[in-house]
$ cat structure02.txt   # compact mmCIF, C-alpha atoms and all ligand atoms
# COMPACT_ATOMS: atom_id res chain seq x y z
CA MET Z 1 2.68 -54.12 -62.71
CA THR Z 2 5.31 -51.50 -62.27
CA ARG Z 3 2.69 -48.78 -62.60
CA ARG Z 4 0.25 -50.45 -60.27
CA ARG Z 5 2.98 -50.97 -57.74
CA LYS Z 6 3.84 -47.27 -57.99
CA ILE Z 7 0.22 -46.35 -57.38
CA SER Z 8 -0.06 -48.66 -54.48
CA THR Z 9 3.19 -47.31 -53.02
CA LYS Z 10 1.71 -43.82 -53.30
CA ARG Z 11 -1.48 -45.04 -51.63
CA ILE Z 12 0.44 -46.62 -48.83
CA LEU Z 13 2.53 -43.47 -48.41
CA SER Z 14 -0.53 -41.18 -48.37
CA GLY Z 15 -2.20 -43.60 -45.98
CA ILE Z 16 0.77 -43.38 -43.64
CA ILE Z 17 0.81 -39.56 -43.93
CA THR Z 18 -2.94 -39.42 -43.20
CA VAL Z 19 -2.46 -41.57 -40.13
CA ILE Z 20 0.37 -39.31 -38.96
CA ILE Z 21 -1.72 -36.16 -39.57
CA LEU Z 22 -4.75 -37.66 -37.78
CA GLY Z 23 -2.46 -38.74 -34.98
CA ILE Z 24 -1.06 -35.24 -34.58
CA ALA Z 25 -4.56 -33.75 -34.80
CA GLY Z 26 -5.69 -36.25 -32.18
CA ILE Z 27 -2.88 -35.29 -29.84
CA LEU Z 28 -3.55 -31.59 -30.42
CA GLY Z 29 -7.25 -32.16 -29.89
CA THR Z 30 -6.60 -33.92 -26.63
CA ASN Z 31 -4.21 -31.18 -25.58
CA GLU Z 32 -6.72 -28.52 -26.49
CA GLU Z 33 -9.36 -30.26 -24.41
CA PHE Z 34 -6.89 -30.58 -21.56
CA ILE Z 35 -5.98 -26.87 -21.77
CA ASN Z 36 -9.68 -25.96 -21.90
CA THR Z 37 -10.29 -28.02 -18.79
CA ILE Z 38 -7.46 -26.28 -16.96
CA SER Z 39 -8.66 -22.82 -17.97
CA ASN Z 40 -12.22 -23.71 -16.89
CA VAL Z 41 -10.92 -24.79 -13.50
CA ASP Z 42 -8.96 -21.53 -13.44
CA LYS Z 43 -12.06 -19.52 -14.27
CA GLN Z 44 -14.05 -21.33 -11.59
CA THR Z 45 -11.32 -20.75 -9.02
CA ASN Z 46 -11.08 -17.10 -10.02
CA SER Z 47 -14.81 -16.54 -9.75
CA GLN Z 48 -14.83 -18.32 -6.38
CA ASN Z 49 -11.99 -16.04 -5.26
CA GLU Z 50 -13.86 -13.02 -6.58
CA GLN Z 51 -16.87 -14.04 -4.52
CA GLN Z 52 -14.75 -14.52 -1.42
CA ILE Z 53 -12.99 -11.18 -1.69
CA GLU Z 54 -15.92 -8.97 -2.54
CA PHE Z 55 -15.39 -5.54 -0.98
CA VAL Z 56 -17.39 -5.01 2.21
CA ALA Z 57 -18.16 -1.44 3.27
CA GLN Z 58 -17.50 -0.90 6.99
CA GLU Z 59 -19.23 1.38 9.47
CA ASP Z 60 -16.11 1.20 11.66
CA LEU Z 61 -12.93 3.06 10.76
CA LEU Z 62 -10.28 0.50 9.81
CA ILE Z 63 -6.58 1.33 9.66
CA ASP Z 64 -3.97 -1.19 8.56
CA PHE Z 65 -0.33 -0.33 9.14
CA ILE Z 66 0.97 -2.77 6.56
CA ASP Z 67 4.28 -4.46 7.35
CA VAL Z 68 6.39 -3.45 4.37
CA GLY Z 69 9.76 -3.70 6.13
CA GLN Z 70 11.79 -0.51 6.47
CA ALA Z 71 9.07 1.59 4.80
CA ASP Z 72 5.54 2.98 5.21
CA SER Z 73 2.19 1.89 3.80
CA ILE Z 74 -1.05 2.63 5.62
CA LEU Z 75 -4.53 1.67 4.47
CA VAL Z 76 -7.47 3.65 5.89
CA ARG Z 77 -11.07 2.59 5.25
CA ASN Z 78 -14.47 3.86 6.27
CA GLN Z 79 -17.79 2.98 4.65
CA ASP Z 80 -16.96 2.57 0.95
CA LYS Z 81 -14.09 5.07 0.96
CA ILE Z 82 -10.44 4.05 0.73
CA MET Z 83 -7.26 5.98 1.41
CA LEU Z 84 -3.70 4.67 1.04
CA ILE Z 85 -0.89 6.66 2.64
CA ASP Z 86 2.37 5.58 0.96
CA ALA Z 87 2.97 2.25 -0.78
CA GLY Z 88 6.25 0.87 0.56
CA THR Z 89 9.46 0.34 -1.42
CA ASN Z 90 9.73 -0.69 -5.08
CA GLU Z 91 10.19 -4.24 -3.82
CA ALA Z 92 7.05 -4.13 -1.65
CA GLY Z 93 4.81 -2.62 -4.35
CA GLU Z 94 3.35 -5.91 -5.59
CA MET Z 95 2.74 -7.06 -2.02
CA VAL Z 96 0.80 -3.88 -1.25
CA VAL Z 97 -1.28 -4.39 -4.41
CA LYS Z 98 -2.09 -7.99 -3.35
CA TYR Z 99 -2.95 -6.89 0.19
CA LEU Z 100 -5.54 -4.45 -1.17
CA GLN Z 101 -6.86 -6.86 -3.79
CA ASN Z 102 -7.36 -9.52 -1.10
CA LEU Z 103 -9.73 -7.09 0.61
CA GLY Z 104 -11.74 -6.74 -2.60
CA ILE Z 105 -10.52 -3.18 -3.12
CA THR Z 106 -10.68 -2.00 -6.75
CA LYS Z 107 -10.50 1.77 -6.32
CA ILE Z 108 -8.56 4.13 -4.08
CA ASP Z 109 -10.29 7.44 -3.40
CA TYR Z 110 -7.26 9.16 -1.90
CA LEU Z 111 -3.69 8.15 -2.62
CA VAL Z 112 -1.12 10.02 -0.55
CA GLY Z 113 2.61 9.96 -1.34
CA THR Z 114 3.91 11.70 1.77
CA HIS Z 115 7.28 12.60 0.22
CA PRO Z 116 9.41 11.35 -2.69
CA HIS Z 117 11.64 8.86 -0.86
CA GLU Z 118 11.74 5.29 -2.17
CA ASP Z 119 10.53 3.74 1.10
CA HIS Z 120 7.27 5.72 0.72
CA ILE Z 121 6.59 6.09 -3.00
CA GLY Z 122 8.45 3.00 -4.31
CA GLY Z 123 5.25 0.98 -4.73
CA LEU Z 124 3.04 3.87 -5.84
CA ASP Z 125 3.41 3.04 -9.55
CA ASN Z 126 2.23 -0.54 -8.91
CA VAL Z 127 -0.78 0.79 -7.01
CA ILE Z 128 -1.62 3.39 -9.69
CA ASN Z 129 -1.38 0.72 -12.42
CA ASN Z 130 -3.66 -1.73 -10.60
CA PHE Z 131 -6.52 0.36 -9.17
CA ASP Z 132 -8.93 3.11 -10.14
CA ILE Z 133 -7.43 6.19 -8.53
CA GLY Z 134 -9.37 9.24 -7.33
CA GLN Z 135 -7.22 12.00 -5.94
CA ILE Z 136 -3.42 11.83 -5.61
CA TYR Z 137 -1.74 14.02 -2.99
CA MET Z 138 1.98 14.69 -3.03
CA PRO Z 139 4.12 17.61 -1.87
CA LYS Z 140 5.25 20.10 -4.51
CA ILE Z 141 8.81 18.85 -4.71
CA GLU Z 142 10.59 16.74 -7.31
CA THR Z 143 13.62 14.47 -7.45
CA THR Z 144 15.43 12.84 -10.35
CA THR Z 145 15.38 9.25 -9.08
CA LYS Z 146 14.13 6.41 -11.28
CA THR Z 147 11.56 5.63 -8.57
CA PHE Z 148 10.12 9.14 -8.76
CA GLU Z 149 10.16 9.09 -12.60
CA ASP Z 150 8.28 5.75 -12.54
CA VAL Z 151 5.56 7.27 -10.36
CA LEU Z 152 5.21 10.30 -12.65
CA GLU Z 153 5.03 8.00 -15.68
CA ALA Z 154 2.28 5.88 -14.09
CA ILE Z 155 0.33 9.06 -13.24
CA GLU Z 156 0.74 10.38 -16.77
CA ASN Z 157 -0.25 7.08 -18.40
CA LYS Z 158 -3.58 7.18 -16.58
CA ASN Z 159 -4.13 10.89 -17.23
CA LEU Z 160 -4.25 11.58 -13.50
CA THR Z 161 -3.24 14.83 -11.85
CA VAL Z 162 -1.46 15.43 -8.57
CA THR Z 163 -2.74 17.79 -5.90
CA ALA Z 164 -0.22 19.48 -3.61
CA PRO Z 165 -2.26 20.18 -0.49
CA ASN Z 166 -1.82 23.25 1.68
CA LYS Z 167 -2.06 23.46 5.44
CA GLY Z 168 -5.73 23.30 6.43
CA ASP Z 169 -6.96 21.43 3.32
CA LYS Z 170 -9.55 18.82 4.26
CA ILE Z 171 -10.71 15.49 2.89
CA GLU Z 172 -13.77 13.39 3.68
CA LEU Z 173 -13.34 9.67 4.02
CA GLY Z 174 -16.81 8.30 4.77
CA GLN Z 175 -17.61 9.61 8.25
CA ALA Z 176 -13.97 10.46 8.95
CA VAL Z 177 -12.53 13.90 8.27
CA GLY Z 178 -8.87 14.43 7.42
CA GLU Z 179 -6.88 17.63 7.57
CA PHE Z 180 -3.41 18.44 6.28
CA MET Z 181 -1.77 19.95 9.34
CA THR Z 182 1.40 21.64 8.14
CA GLU Z 183 2.77 23.54 5.20
CA PRO Z 184 5.38 21.14 3.73
CA ILE Z 185 8.91 22.55 3.89
CA LEU Z 186 10.32 22.26 0.36
CA ASP Z 187 14.01 21.55 0.91
CA LYS Z 188 15.70 19.48 -1.82
CA ASP Z 189 18.52 18.60 0.57
CA ASN Z 190 16.17 17.00 3.06
CA LEU Z 191 13.05 15.54 1.47
CA ASN Z 192 11.79 14.29 4.85
CA VAL Z 193 10.63 17.78 5.80
CA SER Z 194 8.44 17.96 2.69
CA SER Z 195 6.30 15.18 4.23
CA LEU Z 196 2.54 15.65 4.08
CA VAL Z 197 1.16 15.37 7.61
CA LEU Z 198 -2.46 14.26 7.85
CA ARG Z 199 -4.67 14.18 10.93
CA LEU Z 200 -7.90 12.21 10.89
CA GLU Z 201 -10.90 12.53 13.19
CA PHE Z 202 -13.50 9.82 13.45
CA GLY Z 203 -16.19 10.36 16.06
CA ASN Z 204 -14.33 10.94 19.32
CA THR Z 205 -11.13 9.30 18.10
CA SER Z 206 -8.18 10.88 16.28
CA TYR Z 207 -5.12 9.79 14.30
CA LEU Z 208 -1.97 11.60 13.20
CA PHE Z 209 0.10 10.36 10.26
CA MET Z 210 3.50 12.07 10.24
CA GLY Z 211 5.22 10.51 7.21
CA ASP Z 212 8.92 11.23 7.79
CA ALA Z 213 8.28 14.75 9.14
CA GLU Z 214 10.99 15.98 11.50
CA GLU Z 215 11.33 18.31 14.45
CA GLU Z 216 11.56 21.22 11.99
CA ASN Z 217 7.97 20.44 10.94
CA GLU Z 218 6.79 19.73 14.48
CA GLU Z 219 7.83 23.23 15.54
CA THR Z 220 5.58 24.96 12.99
CA ILE Z 221 2.21 24.54 14.78
CA ILE Z 222 0.56 23.81 18.12
CA TRP Z 223 -0.61 20.20 17.98
CA PRO Z 224 -4.00 18.99 19.15
CA LYS Z 225 -4.13 16.00 21.48
CA THR Z 226 -4.42 12.86 19.34
CA ASP Z 227 -5.14 9.22 20.25
CA VAL Z 228 -2.95 7.49 17.67
CA LEU Z 229 0.41 8.71 16.39
CA LYS Z 230 2.12 7.15 13.37
CA VAL Z 231 5.52 8.14 14.66
CA GLY Z 232 7.55 10.32 12.28
CA HIS Z 233 10.51 8.95 10.30
CA HIS Z 234 10.42 5.33 11.57
CA GLY Z 235 11.17 6.41 15.14
CA SER Z 236 14.30 8.40 14.28
CA SER Z 237 15.60 10.87 16.87
CA THR Z 238 15.31 13.70 14.32
CA SER Z 239 11.52 13.46 14.88
CA SER Z 240 9.23 13.21 17.93
CA SER Z 241 10.62 16.03 20.06
CA LYS Z 242 9.65 16.05 23.73
CA SER Z 243 7.62 19.23 23.23
CA PHE Z 244 5.74 17.72 20.26
CA LEU Z 245 4.92 14.50 22.13
CA GLU Z 246 3.72 16.46 25.16
CA GLN Z 247 1.25 18.31 22.96
CA VAL Z 248 -0.02 15.24 21.06
CA GLN Z 249 -0.07 12.88 24.09
CA PRO Z 250 -0.73 9.79 21.95
CA LYS Z 251 -2.36 6.82 23.68
CA TYR Z 252 -0.97 4.61 20.96
CA ALA Z 253 2.29 5.10 19.06
CA ILE Z 254 2.85 3.15 15.85
CA ILE Z 255 6.41 2.78 14.59
CA MET Z 256 6.90 1.45 11.08
CA ALA Z 257 10.38 -0.05 10.72
CA GLY Z 258 12.09 -3.08 9.22
CA LYS Z 259 13.53 -5.86 11.35
CA ASP Z 260 17.25 -5.28 11.99
CA ASN Z 261 17.27 -2.30 9.59
CA SER Z 262 20.66 -0.77 8.83
CA TYR Z 263 19.57 2.67 10.15
CA GLY Z 264 19.14 1.36 13.68
CA LEU Z 265 15.55 2.64 13.80
CA PRO Z 266 13.64 3.23 15.93
CA THR Z 267 16.16 4.83 18.28
CA GLN Z 268 16.05 3.97 21.97
CA GLU Z 269 15.76 7.71 22.62
CA THR Z 270 12.41 7.86 20.78
CA ILE Z 271 11.15 4.68 22.46
CA ASP Z 272 12.04 6.15 25.87
CA LYS Z 273 10.30 9.46 25.12
CA LEU Z 274 7.14 7.60 24.05
CA HIS Z 275 7.25 5.43 27.19
CA ASN Z 276 7.74 8.55 29.33
CA ILE Z 277 4.53 10.16 28.09
CA GLY Z 278 2.67 6.87 28.64
CA SER Z 279 2.15 5.75 25.03
CA GLU Z 280 1.48 2.13 24.23
CA ILE Z 281 3.99 1.30 21.48
CA TYR Z 282 3.39 -0.96 18.49
CA LYS Z 283 6.13 -1.71 15.94
CA THR Z 284 5.77 -3.37 12.55
CA ASP Z 285 9.25 -4.97 12.86
CA GLU Z 286 8.00 -7.02 15.81
CA ASP Z 287 4.20 -6.94 15.52
CA GLY Z 288 3.92 -7.39 11.74
CA THR Z 289 0.94 -5.67 10.16
CA ILE Z 290 -0.99 -3.71 12.78
CA GLN Z 291 -4.77 -3.56 12.31
CA MET Z 292 -6.78 -0.90 14.07
CA THR Z 293 -10.56 -0.74 14.34
CA SER Z 294 -12.65 2.08 15.78
CA ASP Z 295 -16.37 2.64 16.25
CA GLY Z 296 -15.71 6.31 16.92
CA ASN Z 297 -15.38 5.88 20.69
CA THR Z 298 -12.99 3.02 21.30
CA ILE Z 299 -9.93 1.80 19.42
CA GLN Z 300 -9.04 -1.88 19.12
CA ILE Z 301 -5.66 -3.07 17.94
CA LYS Z 302 -4.79 -6.47 16.49
CA THR Z 303 -1.27 -7.50 15.53
CA THR Z 304 -0.58 -10.21 12.99
CA ASN Z 305 2.70 -11.46 14.43
CA ASN Z 306 2.23 -12.85 17.90
CA SER Z 307 5.60 -14.56 18.08
CA LYS Z 308 7.26 -11.93 20.26
ZN ZN L 401 10.90 6.81 5.38
$ encode --input "structure02.txt" --output "structure tokens" --more "lines below"
Ligand SMILES: [Zn+2]
Amino acid sequence: MTRRRKISTKRILSGIITVIILGIAGILGTNEEFINTISNVDKQTNSQNEQQIEFVAQEDLLIDFIDVGQADSILVRNQDKIMLIDAGTNEAGEMVVKYLQNLGITKIDYLVGTHPHEDHIGGLDNVINNFDIGQIYMPKIETTTKTFEDVLEAIENKNLTVTAPNKGDKIELGQAVGEFMTEPILDKDNLNVSSLVLRLEFGNTSYLFMGDAEEENEETIIWPKTDVLKVGHHGSSTSSSKSFLEQVQPKYAIIMAGKDNSYGLPTQETIDKLHNIGSEIYKTDEDGTIQMTSDGNTIQIKTTNNSK
């Protein structure tokens, strides 16, 4: 009896354990199914998103002055070619990546870091890590900031090389032709003047991207008349001299600046000078992201913030 009872106790115990194990397995099984269902939904959603954001080549030239606050980031597209001039601050890097990904962009043919200040190259490492990169252009000047080191590390990790363009070097972006206009001034005490300055021609239209170039750079050449000016150094009074603006005569002036930025940019002086030569002014701090489209003859401008 004692023995039997022992056996039966064991049986009961093992029965209970089996039930517990099956129960746990059941719960796990259910969970696994549940997780599978979620990941399937995820996959479906992702593939739907992928379909929606497939890259579309454009015959028009498209330029997006992306609102990245007190910083620069400009996306230029024609046909299947992509150029990004600057990538905003460290903080804006992920946003710039998302902006490009939402357009179905997977590769960047030309990545330009105008000069090594954080409000221009801060997001470059994010961009380099997330896209196939063709050519990288940066001026031949270095700093010791963490931001700059991060960019160099990202470049190195992908075995990319940097080209330091000279005055007169050209790039082809679909049907648009770009030219580096000035020899960067390599002054470690003022990195702004090392800015790469790029001018783009598309059909009968033209565009000048100044980075943070200053009057010192403006004085080095005679400027061709240009339809669109990305105003130098966020509209600071150290850029956009009267003489420079009279040569360029921009129909449209784009100022990239952050709302209520602590530098007080753009200055009223620059705004007045642009008004005086008859430029139509657009500002990212008020207009948000500014989207420009050209068929080679006309330029259309759409702003994303119409609350002003
Ligand atoms: Zn800047």
$ residues_around --input "structure02.txt" --residues "Met256 of chain Z" --least-positions-apart "5" --cutoff "9 Å" --atoms "only C-alpha atoms" --output "ChimeraX atom specification"
/Z:65-73,230-235,266,282-285
$ residues_near_ligand --input "structure02.txt" --ligand "ligand ZN 401 (chain L)" --cutoff "12 Å" --atoms "only C-alpha atoms and all ligand atoms" --output "compact mmCIF listing (two decimals) with C-alpha atoms, in the frame of the given file"
# COMPACT_ATOMS: atom_id res chain seq x y z
CA VAL Z 68 6.39 -3.45 4.37
CA GLY Z 69 9.76 -3.70 6.13
CA GLN Z 70 11.79 -0.51 6.47
CA ALA Z 71 9.07 1.59 4.80
CA ASP Z 72 5.54 2.98 5.21
CA SER Z 73 2.19 1.89 3.80
CA ASP Z 86 2.37 5.58 0.96
CA ALA Z 87 2.97 2.25 -0.78
CA GLY Z 88 6.25 0.87 0.56
CA THR Z 89 9.46 0.34 -1.42
CA GLY Z 113 2.61 9.96 -1.34
CA THR Z 114 3.91 11.70 1.77
CA HIS Z 115 7.28 12.60 0.22
CA PRO Z 116 9.41 11.35 -2.69
CA HIS Z 117 11.64 8.86 -0.86
CA GLU Z 118 11.74 5.29 -2.17
CA ASP Z 119 10.53 3.74 1.10
CA HIS Z 120 7.27 5.72 0.72
CA ILE Z 121 6.59 6.09 -3.00
CA GLY Z 122 8.45 3.00 -4.31
CA ASN Z 190 16.17 17.00 3.06
CA LEU Z 191 13.05 15.54 1.47
CA ASN Z 192 11.79 14.29 4.85
CA VAL Z 193 10.63 17.78 5.80
CA SER Z 194 8.44 17.96 2.69
CA SER Z 195 6.30 15.18 4.23
CA MET Z 210 3.50 12.07 10.24
CA GLY Z 211 5.22 10.51 7.21
CA ASP Z 212 8.92 11.23 7.79
CA ALA Z 213 8.28 14.75 9.14
CA GLU Z 214 10.99 15.98 11.50
CA LYS Z 230 2.12 7.15 13.37
CA VAL Z 231 5.52 8.14 14.66
CA GLY Z 232 7.55 10.32 12.28
CA HIS Z 233 10.51 8.95 10.30
CA HIS Z 234 10.42 5.33 11.57
CA GLY Z 235 11.17 6.41 15.14
CA SER Z 236 14.30 8.40 14.28
CA SER Z 239 11.52 13.46 14.88
CA ILE Z 255 6.41 2.78 14.59
CA MET Z 256 6.90 1.45 11.08
CA ALA Z 257 10.38 -0.05 10.72
CA GLY Z 258 12.09 -3.08 9.22
CA ASN Z 261 17.27 -2.30 9.59
CA TYR Z 263 19.57 2.67 10.15
CA LEU Z 265 15.55 2.64 13.80
CA PRO Z 266 13.64 3.23 15.93
$ residues_around --input "structure02.txt" --residues "Asn78 of chain Z" --least-positions-apart "6" --cutoff "7 Å" --atoms "only C-alpha atoms" --output "list of chain:residue names"
Z:Gln58, Z:Glu59, Z:Asp60, Z:Leu61, Z:Leu62, Z:Leu173, Z:Gly174, Z:Gln175
$ closest_residue --input "structure02.txt" --among "Z:Gly203, Z:Gly296, Z:Gly123, Z:Pro139" --to "Phe180 of chain Z" --atoms "all atoms listed in the file"
Z:Pro139
$ atom_distance --input "structure02.txt" --atom1 "atom CA of Leu84 of chain Z" --atom2 "atom CA of Glu54 of chain Z"
18.7 Å
$ residues_around --input "structure02.txt" --residues "Ile281 of chain Z" --least-positions-apart "3" --cutoff "8 Å" --atoms "all atoms listed in the file" --output "VMD selection string"
chain Z and resid 252 to 255 271 274 to 275
$ closest_residue --input "structure02.txt" --among "Z:Val248, Z:Ala154, Z:Ile136, Z:Ile299" --to "Asn204 of chain Z" --atoms "only C-alpha atoms"
Z:Ile299
$ closest_residue --input "structure02.txt" --among "Z:Lys107, Z:Lys140, Z:Lys251, Z:Lys158" --to "Ile277 of chain Z" --atoms "only C-alpha atoms"
Z:Lys251
$ closest_residue --input "structure02.txt" --among "Z:Val177, Z:Leu245, Z:Val112, Z:Val151" --to "Thr226 of chain Z" --atoms "only C-alpha atoms"
Z:Leu245
$ axis_aligned_box --input "structure02.txt" --around "segment 105-121 of chain Z" --padding-each-side "8 Å" --output "AutoDock Vina command-line options"
--center_x 0.5 --center_y 4.7 --center_z -2.5 --size_x 38.4 --size_y 31.8 --size_z 24.5
$ atom_distance --input "structure02.txt" --atom1 "atom CA of Asp189 of chain Z" --atom2 "atom CA of Glu216 of chain Z"
13.6 Å
$ atom_distance --input "structure02.txt" --atom1 "atom CA of Thr220 of chain Z" --atom2 "atom CA of Arg199 of chain Z"
15.0 Å
$ residues_around --input "structure02.txt" --residues "Tyr137 of chain Z" --least-positions-apart "6" --cutoff "7 Å" --atoms "only C-alpha atoms" --output "count of residues only"
7
